[in-house]
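Pasting protein_13.csv here (CSV, C-alpha atoms and all ligand atoms):
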chain,number,residue,atom,x,y,z
Z,1,MET,CA,1.2,2.0,-4.7
Z,2,SER,CA,3.7,3.2,-7.3
Z,3,ASP,CA,2.9,5.5,-10.2
Z,4,PHE,CA,3.5,2.7,-12.6
Z,5,ASP,CA,1.1,0.1,-11.2
Z,6,LEU,CA,-1.0,-0.6,-14.3
Z,7,THR,CA,-3.7,-2.3,-12.4
Z,8,ASP,CA,-4.0,0.2,-9.6
Z,9,PRO,CA,-7.7,1.2,-9.8
Z,10,GLU,CA,-7.0,4.8,-8.7
Z,11,PRO,CA,-6.2,7.4,-11.4
Z,12,GLN,CA,-2.5,7.7,-11.8
Z,13,SER,CA,-1.7,11.1,-13.4
Z,14,ASP,CA,-3.1,14.3,-14.9
Z,15,ALA,CA,-2.6,12.8,-18.3
Z,16,GLU,CA,-4.8,9.9,-17.4
Z,17,LEU,CA,-7.5,12.2,-16.1
Z,18,VAL,CA,-7.5,14.0,-19.4
Z,19,PHE,CA,-7.6,10.7,-21.3
Z,20,GLU,CA,-10.5,9.5,-19.0
Z,21,GLY,CA,-12.4,12.7,-19.6
Z,22,ALA,CA,-12.2,12.1,-23.4
Z,23,LEU,CA,-13.6,8.5,-23.0
Z,24,ARG,CA,-16.3,9.2,-20.4
Z,25,PRO,CA,-19.8,8.3,-21.5
Z,26,GLN,CA,-22.1,11.3,-21.6
Z,27,SER,CA,-25.5,9.7,-21.2
Z,28,LEU,CA,-27.1,6.7,-19.5
Z,29,GLY,CA,-27.5,5.1,-22.9
Z,30,GLU,CA,-23.7,5.2,-23.5
Z,31,PHE,CA,-22.9,3.9,-20.0
Z,32,VAL,CA,-22.0,0.3,-20.3
Z,33,GLY,CA,-23.2,-2.4,-17.7
Z,34,GLN,CA,-24.6,-1.7,-14.2
Z,35,THR,CA,-28.0,-2.4,-15.8
Z,36,LYS,CA,-30.0,-2.3,-12.6
Z,37,VAL,CA,-28.4,0.9,-11.4
Z,38,ARG,CA,-28.9,2.5,-14.8
Z,39,GLY,CA,-32.6,1.6,-14.8
Z,40,GLN,CA,-33.1,2.9,-11.3
Z,41,LEU,CA,-31.4,6.2,-12.1
Z,42,GLU,CA,-33.3,6.6,-15.3
Z,43,LEU,CA,-36.6,6.2,-13.4
Z,44,LEU,CA,-35.5,8.6,-10.7
Z,45,LEU,CA,-34.4,11.3,-13.2
Z,46,ARG,CA,-37.5,11.0,-15.4
Z,47,ALA,CA,-39.9,11.2,-12.5
Z,48,ALA,CA,-38.1,14.4,-11.3
Z,49,ALA,CA,-38.3,15.9,-14.8
Z,50,LEU,CA,-42.0,15.1,-15.1
Z,51,GLN,CA,-42.7,16.7,-11.8
Z,52,GLY,CA,-40.4,19.7,-12.6
Z,53,ARG,CA,-38.4,19.3,-9.4
Z,54,THR,CA,-34.8,18.4,-8.6
Z,55,ALA,CA,-33.9,14.7,-8.5
Z,56,ASP,CA,-33.5,13.0,-5.1
Z,57,HIS,CA,-30.1,12.9,-3.6
Z,58,ILE,CA,-28.0,10.0,-4.9
Z,59,LEU,CA,-25.3,8.0,-3.1
Z,60,LEU,CA,-22.9,6.0,-5.3
Z,61,ALA,CA,-20.9,3.3,-3.5
Z,62,GLY,CA,-18.3,1.0,-4.8
Z,63,PRO,CA,-14.6,0.5,-5.4
Z,64,PRO,CA,-12.6,3.0,-7.4
Z,65,GLY,CA,-12.7,3.2,-11.2
Z,66,LEU,CA,-16.2,1.7,-11.7
Z,67,GLY,CA,-17.8,4.9,-12.9
Z,68,LYS,CA,-19.0,6.9,-9.9
Z,69,THR,CA,-17.7,10.2,-11.3
Z,70,THR,CA,-19.0,9.4,-14.7
Z,71,LEU,CA,-22.5,8.7,-13.3
Z,72,ALA,CA,-22.5,12.0,-11.4
Z,73,MET,CA,-21.7,13.8,-14.7
Z,74,ILE,CA,-24.4,11.9,-16.5
Z,75,VAL,CA,-27.0,12.9,-13.8
Z,76,ALA,CA,-26.2,16.5,-14.5
Z,77,HIS,CA,-26.1,16.0,-18.2
Z,78,GLU,CA,-29.4,14.1,-18.3
Z,79,SER,CA,-31.1,16.7,-16.0
Z,80,GLN,CA,-29.6,19.5,-18.2
Z,81,LYS,CA,-28.2,21.2,-15.1
Z,82,PRO,CA,-24.7,22.4,-14.2
Z,83,LEU,CA,-22.4,20.2,-12.2
Z,84,ARG,CA,-20.3,21.4,-9.3
Z,85,MET,CA,-17.5,19.0,-8.2
Z,86,SER,CA,-16.0,18.8,-4.7
Z,87,SER,CA,-14.6,16.1,-2.5
Z,88,GLY,CA,-14.7,15.1,1.2
Z,89,PRO,CA,-11.0,15.9,1.8
Z,90,ALA,CA,-11.5,19.4,0.4
Z,91,ILE,CA,-14.3,20.1,3.0
Z,92,GLN,CA,-12.4,20.3,6.2
Z,93,HIS,CA,-14.7,22.9,7.9
Z,94,ALA,CA,-18.4,23.6,7.9
Z,95,GLY,CA,-17.4,27.0,6.3
Z,96,ASP,CA,-15.9,25.2,3.2
Z,97,LEU,CA,-19.3,23.5,2.7
Z,98,ALA,CA,-21.3,26.6,3.4
Z,99,ALA,CA,-19.3,28.5,0.6
Z,100,VAL,CA,-20.2,25.8,-1.9
Z,101,LEU,CA,-23.8,25.3,-0.9
Z,102,SER,CA,-24.6,29.0,-0.8
Z,103,SER,CA,-23.3,29.6,-4.4
Z,104,LEU,CA,-25.3,26.7,-6.0
Z,105,VAL,CA,-27.8,27.7,-8.7
Z,106,PRO,CA,-31.3,26.2,-8.8
Z,107,GLY,CA,-31.3,22.5,-9.8
Z,108,GLU,CA,-27.4,22.3,-9.8
Z,109,VAL,CA,-25.9,18.9,-9.2
Z,110,LEU,CA,-23.3,18.9,-6.4
Z,111,PHE,CA,-20.9,16.0,-6.6
Z,112,ILE,CA,-18.9,15.2,-3.5
Z,113,ASP,CA,-16.4,12.5,-4.1
Z,114,GLU,CA,-15.1,10.5,-1.1
Z,115,ILE,CA,-17.9,11.9,0.9
Z,116,HIS,CA,-17.0,9.7,3.9
Z,117,ARG,CA,-13.9,11.9,4.4
Z,118,MET,CA,-15.7,15.1,5.0
Z,119,ALA,CA,-15.3,16.9,8.3
Z,120,ARG,CA,-17.9,16.0,11.0
Z,121,SER,CA,-19.1,19.6,11.4
Z,122,ALA,CA,-19.8,19.8,7.7
Z,123,GLU,CA,-21.7,16.6,7.7
Z,124,GLU,CA,-24.1,18.1,10.2
Z,125,MET,CA,-24.6,21.1,8.1
Z,126,LEU,CA,-25.3,18.9,5.1
Z,127,TYR,CA,-28.1,17.1,6.9
Z,128,LEU,CA,-30.2,20.2,7.0
Z,129,ALA,CA,-29.2,21.3,3.5
Z,130,MET,CA,-30.2,18.0,2.0
Z,131,GLU,CA,-33.5,17.9,3.8
Z,132,ASP,CA,-34.7,21.5,3.8
Z,133,PHE,CA,-32.4,23.3,1.4
Z,134,ARG,CA,-31.3,25.5,4.2
Z,135,ILE,CA,-28.3,26.0,6.4
Z,136,ASP,CA,-27.7,27.7,9.7
Z,137,ILE,CA,-24.6,30.0,9.7
Z,138,MET,CA,-23.0,30.9,13.0
Z,139,VAL,CA,-22.2,34.6,13.2
Z,140,GLY,CA,-20.0,35.9,16.0
Z,141,LYS,CA,-18.2,34.0,18.7
Z,142,GLY,CA,-18.7,32.8,22.3
Z,143,GLN,CA,-21.8,34.0,24.1
Z,144,GLY,CA,-22.8,36.5,21.5
Z,145,ALA,CA,-22.8,34.0,18.7
Z,146,THR,CA,-26.1,33.6,16.9
Z,147,SER,CA,-27.2,31.3,14.1
Z,148,VAL,CA,-28.6,32.9,11.0
Z,149,PRO,CA,-30.7,30.7,8.7
Z,150,LEU,CA,-29.8,30.9,5.0
Z,151,ASP,CA,-32.1,29.5,2.3
Z,152,LEU,CA,-30.4,27.5,-0.5
Z,153,ALA,CA,-31.3,26.9,-4.1
Z,154,PRO,CA,-32.8,23.4,-4.4
Z,155,PHE,CA,-30.0,21.0,-5.6
Z,156,THR,CA,-29.3,17.3,-6.1
Z,157,LEU,CA,-26.4,15.9,-4.1
Z,158,VAL,CA,-24.5,13.0,-5.6
Z,159,GLY,CA,-22.2,11.5,-3.1
Z,160,ALA,CA,-19.6,8.9,-3.9
Z,161,THR,CA,-17.8,6.6,-1.5
Z,162,THR,CA,-15.7,3.6,-1.5
Z,163,ARG,CA,-16.7,3.0,2.1
Z,164,SER,CA,-20.5,3.4,2.5
Z,165,GLY,CA,-20.2,1.6,5.9
Z,166,LEU,CA,-18.3,4.6,7.3
Z,167,LEU,CA,-21.1,7.1,6.6
Z,168,PRO,CA,-23.1,8.0,9.6
Z,169,ASN,CA,-26.7,6.7,9.4
Z,170,PRO,CA,-28.3,10.2,9.5
Z,171,LEU,CA,-26.3,11.1,6.3
Z,172,ARG,CA,-27.0,7.8,4.6
Z,173,ASP,CA,-30.7,8.0,5.3
Z,174,ARG,CA,-31.0,11.4,3.6
Z,175,PHE,CA,-30.1,10.0,0.2
Z,176,GLY,CA,-33.2,9.0,-1.7
Z,177,PHE,CA,-31.3,6.4,-3.6
Z,178,THR,CA,-28.1,4.4,-3.0
Z,179,ALA,CA,-26.5,2.6,-5.9
Z,180,HIS,CA,-23.9,-0.1,-5.2
Z,181,LEU,CA,-21.7,-0.4,-8.2
Z,182,GLU,CA,-20.4,-3.9,-9.0
Z,183,PHE,CA,-17.3,-5.0,-10.8
Z,184,TYR,CA,-18.0,-5.5,-14.5
Z,185,ASP,CA,-18.1,-8.9,-16.2
Z,186,ALA,CA,-16.1,-9.8,-19.2
Z,187,PRO,CA,-18.7,-9.0,-21.9
Z,188,GLU,CA,-19.3,-5.6,-20.4
Z,189,LEU,CA,-15.6,-4.8,-20.2
Z,190,GLU,CA,-15.3,-5.9,-23.9
Z,191,GLN,CA,-18.0,-3.3,-24.7
Z,192,VAL,CA,-16.2,-0.6,-22.7
Z,193,LEU,CA,-13.0,-1.5,-24.6
Z,194,GLN,CA,-14.7,-1.6,-28.0
Z,195,ARG,CA,-16.1,1.8,-27.4
Z,196,ALA,CA,-12.7,3.2,-26.3
Z,197,ALA,CA,-10.9,1.5,-29.3
Z,198,ARG,CA,-13.3,3.2,-31.6
Z,199,MET,CA,-12.8,6.6,-30.0
Z,200,LEU,CA,-9.1,6.2,-30.0
Z,201,ASN,CA,-9.2,5.2,-33.7
Z,202,PHE,CA,-7.3,2.0,-32.8
Z,203,PRO,CA,-8.7,-1.1,-34.7
Z,204,ILE,CA,-8.0,-4.2,-32.6
Z,205,ASP,CA,-9.1,-7.9,-32.8
Z,206,ASP,CA,-12.1,-8.9,-30.7
Z,207,ASN,CA,-10.2,-11.8,-29.1
Z,208,ALA,CA,-7.4,-9.4,-28.2
Z,209,LEU,CA,-10.0,-7.1,-26.5
Z,210,ALA,CA,-11.3,-10.2,-24.7
Z,211,GLU,CA,-7.8,-10.9,-23.3
Z,212,ILE,CA,-7.6,-7.3,-22.0
Z,213,ALA,CA,-11.1,-7.6,-20.5
Z,214,GLY,CA,-10.0,-10.7,-18.6
Z,215,ARG,CA,-7.0,-8.9,-17.1
Z,216,CYS,CA,-8.4,-5.6,-15.9
Z,217,ARG,CA,-9.7,-6.4,-12.4
Z,218,GLY,CA,-13.3,-5.9,-13.5
Z,219,THR,CA,-12.6,-2.2,-13.7
Z,220,PRO,CA,-13.3,0.1,-16.8
Z,221,ARG,CA,-10.5,2.5,-15.7
Z,222,ILE,CA,-8.0,-0.3,-15.8
Z,223,ALA,CA,-9.4,-1.7,-19.1
Z,224,ASN,CA,-8.9,1.7,-20.8
Z,225,ARG,CA,-5.4,2.1,-19.3
Z,226,LEU,CA,-4.3,-1.4,-20.5
Z,227,LEU,CA,-5.7,-0.6,-24.0
Z,228,ARG,CA,-3.5,2.4,-24.1
Z,229,ARG,CA,-0.4,0.4,-23.2
Z,230,VAL,CA,-1.3,-2.2,-25.9
Z,231,ARG,CA,-1.7,0.7,-28.4
Z,232,ASP,CA,1.8,1.9,-27.4
Z,233,TYR,CA,3.2,-1.6,-28.0
Z,234,VAL,CA,1.6,-1.9,-31.4
Z,235,LEU,CA,2.9,1.5,-32.4
Z,236,VAL,CA,6.5,1.1,-31.2
Z,237,HIS,CA,6.9,-2.5,-32.5
Z,238,ARG,CA,4.8,-1.9,-35.6
Z,239,ALA,CA,3.0,-5.1,-34.6
Z,240,ASP,CA,-0.6,-6.2,-35.3
Z,241,ALA,CA,-3.2,-5.2,-32.8
Z,242,ASP,CA,-3.9,-8.9,-31.9
Z,243,MET,CA,-3.7,-11.4,-29.1
Z,244,ALA,CA,0.1,-11.8,-29.4
Z,245,SER,CA,0.6,-8.0,-28.9
Z,246,VAL,CA,-1.8,-7.9,-25.9
Z,247,ARG,CA,0.1,-10.8,-24.3
Z,248,ALA,CA,3.5,-9.3,-25.0
Z,249,ALA,CA,2.5,-5.8,-23.7
Z,250,LEU,CA,0.7,-7.0,-20.6
Z,251,ASN,CA,3.5,-9.4,-19.7
Z,252,LEU,CA,6.0,-6.6,-20.1
Z,253,TYR,CA,4.0,-4.7,-17.4
Z,254,ASP,CA,3.6,-7.8,-15.2
Z,255,VAL,CA,-0.2,-7.9,-15.5
Z,256,ASP,CA,-1.0,-11.5,-14.9
Z,257,GLU,CA,-3.9,-13.4,-16.4
Z,258,LEU,CA,-6.2,-12.5,-13.4
Z,259,GLY,CA,-5.2,-8.9,-13.6
Z,260,LEU,CA,-3.9,-8.8,-10.0
Z,261,ASP,CA,-1.9,-5.8,-9.1
Z,262,ARG,CA,1.2,-5.6,-6.9
Z,263,LEU,CA,-0.8,-4.9,-3.7
Z,264,ASP,CA,-3.3,-7.8,-4.5
Z,265,ARG,CA,-0.3,-10.1,-4.9
Z,266,ALA,CA,1.4,-8.9,-1.8
Z,267,VAL,CA,-1.8,-9.5,0.3
Z,268,MET,CA,-2.2,-12.9,-1.2
Z,269,GLU,CA,1.4,-14.0,-0.8
Z,270,ILE,CA,1.5,-12.9,2.8
Z,271,LEU,CA,-1.9,-14.6,3.5
Z,272,LEU,CA,-0.7,-17.8,1.9
Z,273,THR,CA,2.9,-18.1,3.0
Z,274,ARG,CA,3.2,-16.2,6.3
Z,275,PHE,CA,-0.3,-17.0,7.6
Z,276,GLY,CA,-0.8,-20.4,6.0
Z,277,GLY,CA,-3.9,-19.3,4.3
Z,278,GLY,CA,-5.5,-17.7,7.4
Z,279,PRO,CA,-7.8,-17.0,9.0
Z,280,VAL,CA,-6.2,-13.7,9.8
Z,281,GLY,CA,-7.6,-10.3,10.8
Z,282,LEU,CA,-7.8,-7.4,8.3
Z,283,ASN,CA,-5.5,-5.1,10.4
Z,284,THR,CA,-2.8,-7.7,10.8
Z,285,LEU,CA,-2.9,-8.3,7.0
Z,286,ALA,CA,-2.8,-4.6,6.3
Z,287,VAL,CA,0.2,-4.0,8.6
Z,288,SER,CA,2.0,-7.0,7.1
Z,289,VAL,CA,1.9,-5.4,3.6
Z,290,GLY,CA,2.5,-1.9,4.9
Z,291,GLU,CA,-0.9,-0.5,3.8
Z,292,GLU,CA,-3.8,1.2,5.5
Z,293,ALA,CA,-6.6,-1.2,6.6
Z,294,GLU,CA,-9.0,1.0,4.7
Z,295,THR,CA,-7.2,0.5,1.4
Z,296,VAL,CA,-7.0,-3.3,1.9
Z,297,GLU,CA,-10.7,-3.4,2.8
Z,298,SER,CA,-12.1,-1.1,0.2
Z,299,VAL,CA,-9.8,-1.6,-2.8
Z,300,VAL,CA,-8.0,-4.9,-2.6
Z,301,GLU,CA,-10.4,-7.2,-0.8
Z,302,PRO,CA,-13.6,-6.7,-2.8
Z,303,PHE,CA,-11.9,-7.9,-6.0
Z,304,LEU,CA,-10.1,-10.8,-4.4
Z,305,VAL,CA,-13.4,-11.9,-2.9
Z,306,ARG,CA,-15.2,-11.4,-6.2
Z,307,ILE,CA,-12.8,-13.7,-8.1
Z,308,GLY,CA,-12.9,-16.3,-5.3
Z,309,LEU,CA,-9.3,-16.0,-4.0
Z,310,ILE,CA,-10.3,-15.1,-0.4
Z,311,THR,CA,-13.3,-15.5,1.8
Z,312,ARG,CA,-14.3,-13.3,4.7
Z,313,THR,CA,-15.2,-15.4,7.8
Z,314,PRO,CA,-16.0,-14.3,11.4
Z,315,ARG,CA,-12.5,-15.4,12.4
Z,316,GLY,CA,-10.8,-13.4,9.6
Z,317,ARG,CA,-9.7,-13.5,6.0
Z,318,MET,CA,-9.0,-17.0,4.5
Z,319,ALA,CA,-7.4,-18.0,1.2
Z,320,THR,CA,-9.4,-20.4,-0.9
Z,321,PRO,CA,-7.9,-23.6,-2.4
Z,322,GLU,CA,-8.0,-21.7,-5.8
Z,323,ALA,CA,-5.7,-19.1,-4.3
Z,324,PHE,CA,-3.2,-21.8,-3.3
Z,325,ALA,CA,-3.4,-23.2,-6.8
Z,326,HIS,CA,-3.0,-19.9,-8.5
Z,327,PHE,CA,0.1,-18.9,-6.5
Z,328,GLY,CA,1.6,-22.4,-6.7
Z,329,VAL,CA,1.6,-22.8,-2.9
Z,330,ALA,CA,1.0,-26.2,-1.3
Z,331,TYR,CA,-2.5,-26.3,0.3
Z,332,THR,CA,-2.1,-25.9,4.1
Z,333,GLN,CA,-5.4,-24.3,5.2
Z,334,GLY,CA,-5.6,-23.7,8.9
Z,335,SER,CA,-1.9,-24.5,9.6
Z,336,LEU,CA,-1.2,-21.1,11.3
Z,337,LEU,CA,2.3,-20.6,12.4
Z,338,PRO,CA,2.4,-20.3,16.3
Z,339,ASP,CA,4.2,-16.9,16.2
Z,340,VAL,CA,1.2,-15.2,14.5
Z,341,LEU,CA,-1.5,-16.7,16.6
O,1,LIG,N1,-19.9,2.0,-17.4
O,1,LIG,C1,-18.9,2.5,-18.1
O,1,LIG,N2,-18.9,2.6,-19.4
O,1,LIG,C2,-17.9,3.1,-20.1
O,1,LIG,N3,-16.8,3.6,-19.5
O,1,LIG,C3,-16.7,3.7,-18.2
O,1,LIG,C4,-17.8,3.1,-17.4
O,1,LIG,N4,-17.5,3.3,-16.1
O,1,LIG,C5,-16.3,3.9,-16.1
O,1,LIG,N5,-15.8,4.1,-17.3
O,1,LIG,C6,-14.6,4.7,-17.7
O,1,LIG,O1,-13.7,4.5,-16.6
O,1,LIG,C7,-13.0,5.7,-16.2
O,1,LIG,C8,-13.1,5.8,-14.7
O,1,LIG,O2,-14.4,6.1,-14.3
O,1,LIG,P1,-14.8,7.0,-13.1
O,1,LIG,O3,-13.8,8.1,-13.0
O,1,LIG,O4,-16.2,7.4,-13.3
O,1,LIG,O5,-14.6,6.1,-11.9
O,1,LIG,P2,-14.9,6.3,-10.3
O,1,LIG,O6,-15.7,5.2,-9.8
O,1,LIG,O7,-15.4,7.7,-10.1
O,1,LIG,O8,-13.5,6.2,-9.7
O,1,LIG,P3,-12.9,7.0,-8.5
O,1,LIG,O9,-13.7,6.6,-7.3
O,1,LIG,O10,-11.4,6.6,-8.4
O,1,LIG,O11,-13.0,8.5,-8.8
O,1,LIG,C9,-13.7,6.8,-17.0
O,1,LIG,O12,-12.8,7.4,-17.8
O,1,LIG,C10,-14.7,6.2,-17.9
O,1,LIG,O13,-14.4,6.5,-19.2
Kindly return the structure encoded in the file as structure tokens.
Ligand SMILES: Nc1ncnc2c1ncn2[C@@H]1O[C@H](COP(=O)(O)OP(=O)(O)OP(=O)(O)O)[C@@H](O)[C@H]1O
Amino acid sequence: MSDFDLTDPEPQSDAELVFEGALRPQSLGEFVGQTKVRGQLELLLRAAALQGRTADHILLAGPPGLGKTTLAMIVAHESQKPLRMSSGPAIQHAGDLAAVLSSLVPGEVLFIDEIHRMARSAEEMLYLAMEDFRIDIMVGKGQGATSVPLDLAPFTLVGATTRSGLLPNPLRDRFGFTAHLEFYDAPELEQVLQRAARMLNFPIDDNALAEIAGRCRGTPRIANRLLRRVRDYVLVHRADADMASVRAALNLYDVDELGLDRLDRAVMEILLTRFGGGPVGLNTLAVSVGEEAETVESVVEPFLVRIGLITRTPRGRMATPEAFAHFGVAYTQGSLLPDVL
């Protein structure tokens, strides 16, 4: 996806990461939505505090931009413990993980983003570390190699993944709690936006915020990003922070009323026009839009399913009648072209 895709749920620049940092809720009380997950986390953290032990390991699963990193920071903050941040792609050898684990202080919260992308050898080391706060370090090579046990400080692992299905069962089973983050509904997104507008000192009409909430793909990161672009528009055009400015700003950036991004639209257009609405397999769809199957499955598809534009069937992905209507394509469900069968 290009750097200028306003509805791409991934962070787009260092400037955005700084901006996100400033807007991040610090406590469970400030964290909007995900009511069930919040309640579950609160219980888990309070029980650990009452018993004077580290909280159980936590797995956060869900599409990008829904608050996994924010929740990991909140876990550390609420437990009054330091946070160490790492990521699956940065752990390419067991040694990389051993270096992190052996330097943790008691009670530290270790956040591993994209944990499904960690090296297999490190995964195996993590099993023992999570269960017994211990690792075995191999010393020497070949026949003379011996394994030396090393005790670790007790820690809480918070793993984040967009693909919980890719985690091996032994790893998944070692998390005491798995939270599945859902897309946010419109009233929740309005709350996220109200909070951000207050923090940015940008007074804006409630109905203008509701319009942004409807176009942000159910994702707080995108909501905050769109708010910034509206603020730019209001500043540059000396316009009122109202519905007209929201519409003008978002139309300028091609954010449609469902908040679909370029890749969402590409997937839908291919599915509707080239494949007559499907059914079509995920890999074929991904190849047709020039994307990884993983991206289509974990980033694009969940939102399109959530808003009712596609359905997953045993025979493949299918467009719904609403999708034909939204894209103005005549309804031809099932009329697959012979060359793609
Ligand atoms: N529940 C929430 N309430 C308020 N703001 C939120 C909430 N969830 C996320 N945000 C905002 O959205 C931004 C993105 O959140 P975060 O980085 O935690 O997402 P993520 O799921 O970790 O994404 P990724 O997987 O891409 O790292 C943050 O700046 C935060 O301010």
List all protein, DNA and RNA residues that have an atom no more than 8 Å from any atom of ligand LIG 1 (chain O), counting only C-alpha atoms and all ligand atoms, and report them as an NGL selection string.
:Z and (9-11 or 17 or 19-25 or 30-34 or 62-71 or 113-114 or 160-162 or 191-192 or 195-196 or 219-224)
Pull C-alpha atoms from the residues just selected and write them as an mmCIF file, in the frame of the given file.
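The file below, again_31.cif, is the result:
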data_model
loop_
_atom_site.group_PDB
_atom_site.id
_atom_site.type_symbol
_atom_site.label_atom_id
_atom_site.label_comp_id
_atom_site.auth_asym_id
_atom_site.auth_seq_id
_atom_site.Cartn_x
_atom_site.Cartn_y
_atom_site.Cartn_z
ATOM 1 C CA PRO Z 9 -7.700 1.200 -9.800
ATOM 2 C CA GLU Z 10 -7.000 4.800 -8.700
ATOM 3 C CA PRO Z 11 -6.200 7.400 -11.400
ATOM 4 C CA LEU Z 17 -7.500 12.200 -16.100
ATOM 5 C CA PHE Z 19 -7.600 10.700 -21.300
ATOM 6 C CA GLU Z 20 -10.500 9.500 -19.000
ATOM 7 C CA GLY Z 21 -12.400 12.700 -19.600
ATOM 8 C CA ALA Z 22 -12.200 12.100 -23.400
ATOM 9 C CA LEU Z 23 -13.600 8.500 -23.000
ATOM 10 C CA ARG Z 24 -16.300 9.200 -20.400
ATOM 11 C CA PRO Z 25 -19.800 8.300 -21.500
ATOM 12 C CA GLU Z 30 -23.700 5.200 -23.500
ATOM 13 C CA PHE Z 31 -22.900 3.900 -20.000
ATOM 14 C CA VAL Z 32 -22.000 0.300 -20.300
ATOM 15 C CA GLY Z 33 -23.200 -2.400 -17.700
ATOM 16 C CA GLN Z 34 -24.600 -1.700 -14.200
ATOM 17 C CA GLY Z 62 -18.300 1.000 -4.800
ATOM 18 C CA PRO Z 63 -14.600 0.500 -5.400
ATOM 19 C CA PRO Z 64 -12.600 3.000 -7.400
ATOM 20 C CA GLY Z 65 -12.700 3.200 -11.200
ATOM 21 C CA LEU Z 66 -16.200 1.700 -11.700
ATOM 22 C CA GLY Z 67 -17.800 4.900 -12.900
ATOM 23 C CA LYS Z 68 -19.000 6.900 -9.900
ATOM 24 C CA THR Z 69 -17.700 10.200 -11.300
ATOM 25 C CA THR Z 70 -19.000 9.400 -14.700
ATOM 26 C CA LEU Z 71 -22.500 8.700 -13.300
ATOM 27 C CA ASP Z 113 -16.400 12.500 -4.100
ATOM 28 C CA GLU Z 114 -15.100 10.500 -1.100
ATOM 29 C CA ALA Z 160 -19.600 8.900 -3.900
ATOM 30 C CA THR Z 161 -17.800 6.600 -1.500
ATOM 31 C CA THR Z 162 -15.700 3.600 -1.500
ATOM 32 C CA GLN Z 191 -18.000 -3.300 -24.700
ATOM 33 C CA VAL Z 192 -16.200 -0.600 -22.700
ATOM 34 C CA ARG Z 195 -16.100 1.800 -27.400
ATOM 35 C CA ALA Z 196 -12.700 3.200 -26.300
ATOM 36 C CA THR Z 219 -12.600 -2.200 -13.700
ATOM 37 C CA PRO Z 220 -13.300 0.100 -16.800
ATOM 38 C CA ARG Z 221 -10.500 2.500 -15.700
ATOM 39 C CA ILE Z 222 -8.000 -0.300 -15.800
ATOM 40 C CA ALA Z 223 -9.400 -1.700 -19.100
ATOM 41 C CA ASN Z 224 -8.900 1.700 -20.800
#
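Every protein, DNA or RNA residue with an atom at most 9 Å from Leu263 (chain Z), where all atoms listed in the file count and chain neighbours fewer than 5 positions away do not, is listed here: Met1, Asp8, Met268, Val289, Glu291, Val296 and Val300 of chain Z.
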Residue with the minimum atom-to-atom distance to His180 (chain Z), picked from Z:Ala72, Z:Leu209, Z:Leu282, Z:Leu60 with only C-alpha atoms counted, is Z:Leu60
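Proximity ranking of Z:Arg38, Z:Arg228, Z:Arg238, Z:Arg53 relative to Val75 (chain Z) places Z:Arg38 first, based on only C-alpha atoms.
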Considering all atoms listed in the file, return as a PyMOL selection string whatever protein or nucleic-acid residues lie within 10 Å of Leu97 (chain Z), sequence-local ones (same chain, fewer than 2 positions apart) excluded.
chain Z and resi 86+88+90-95+99-102+118-119+121-123+125-126
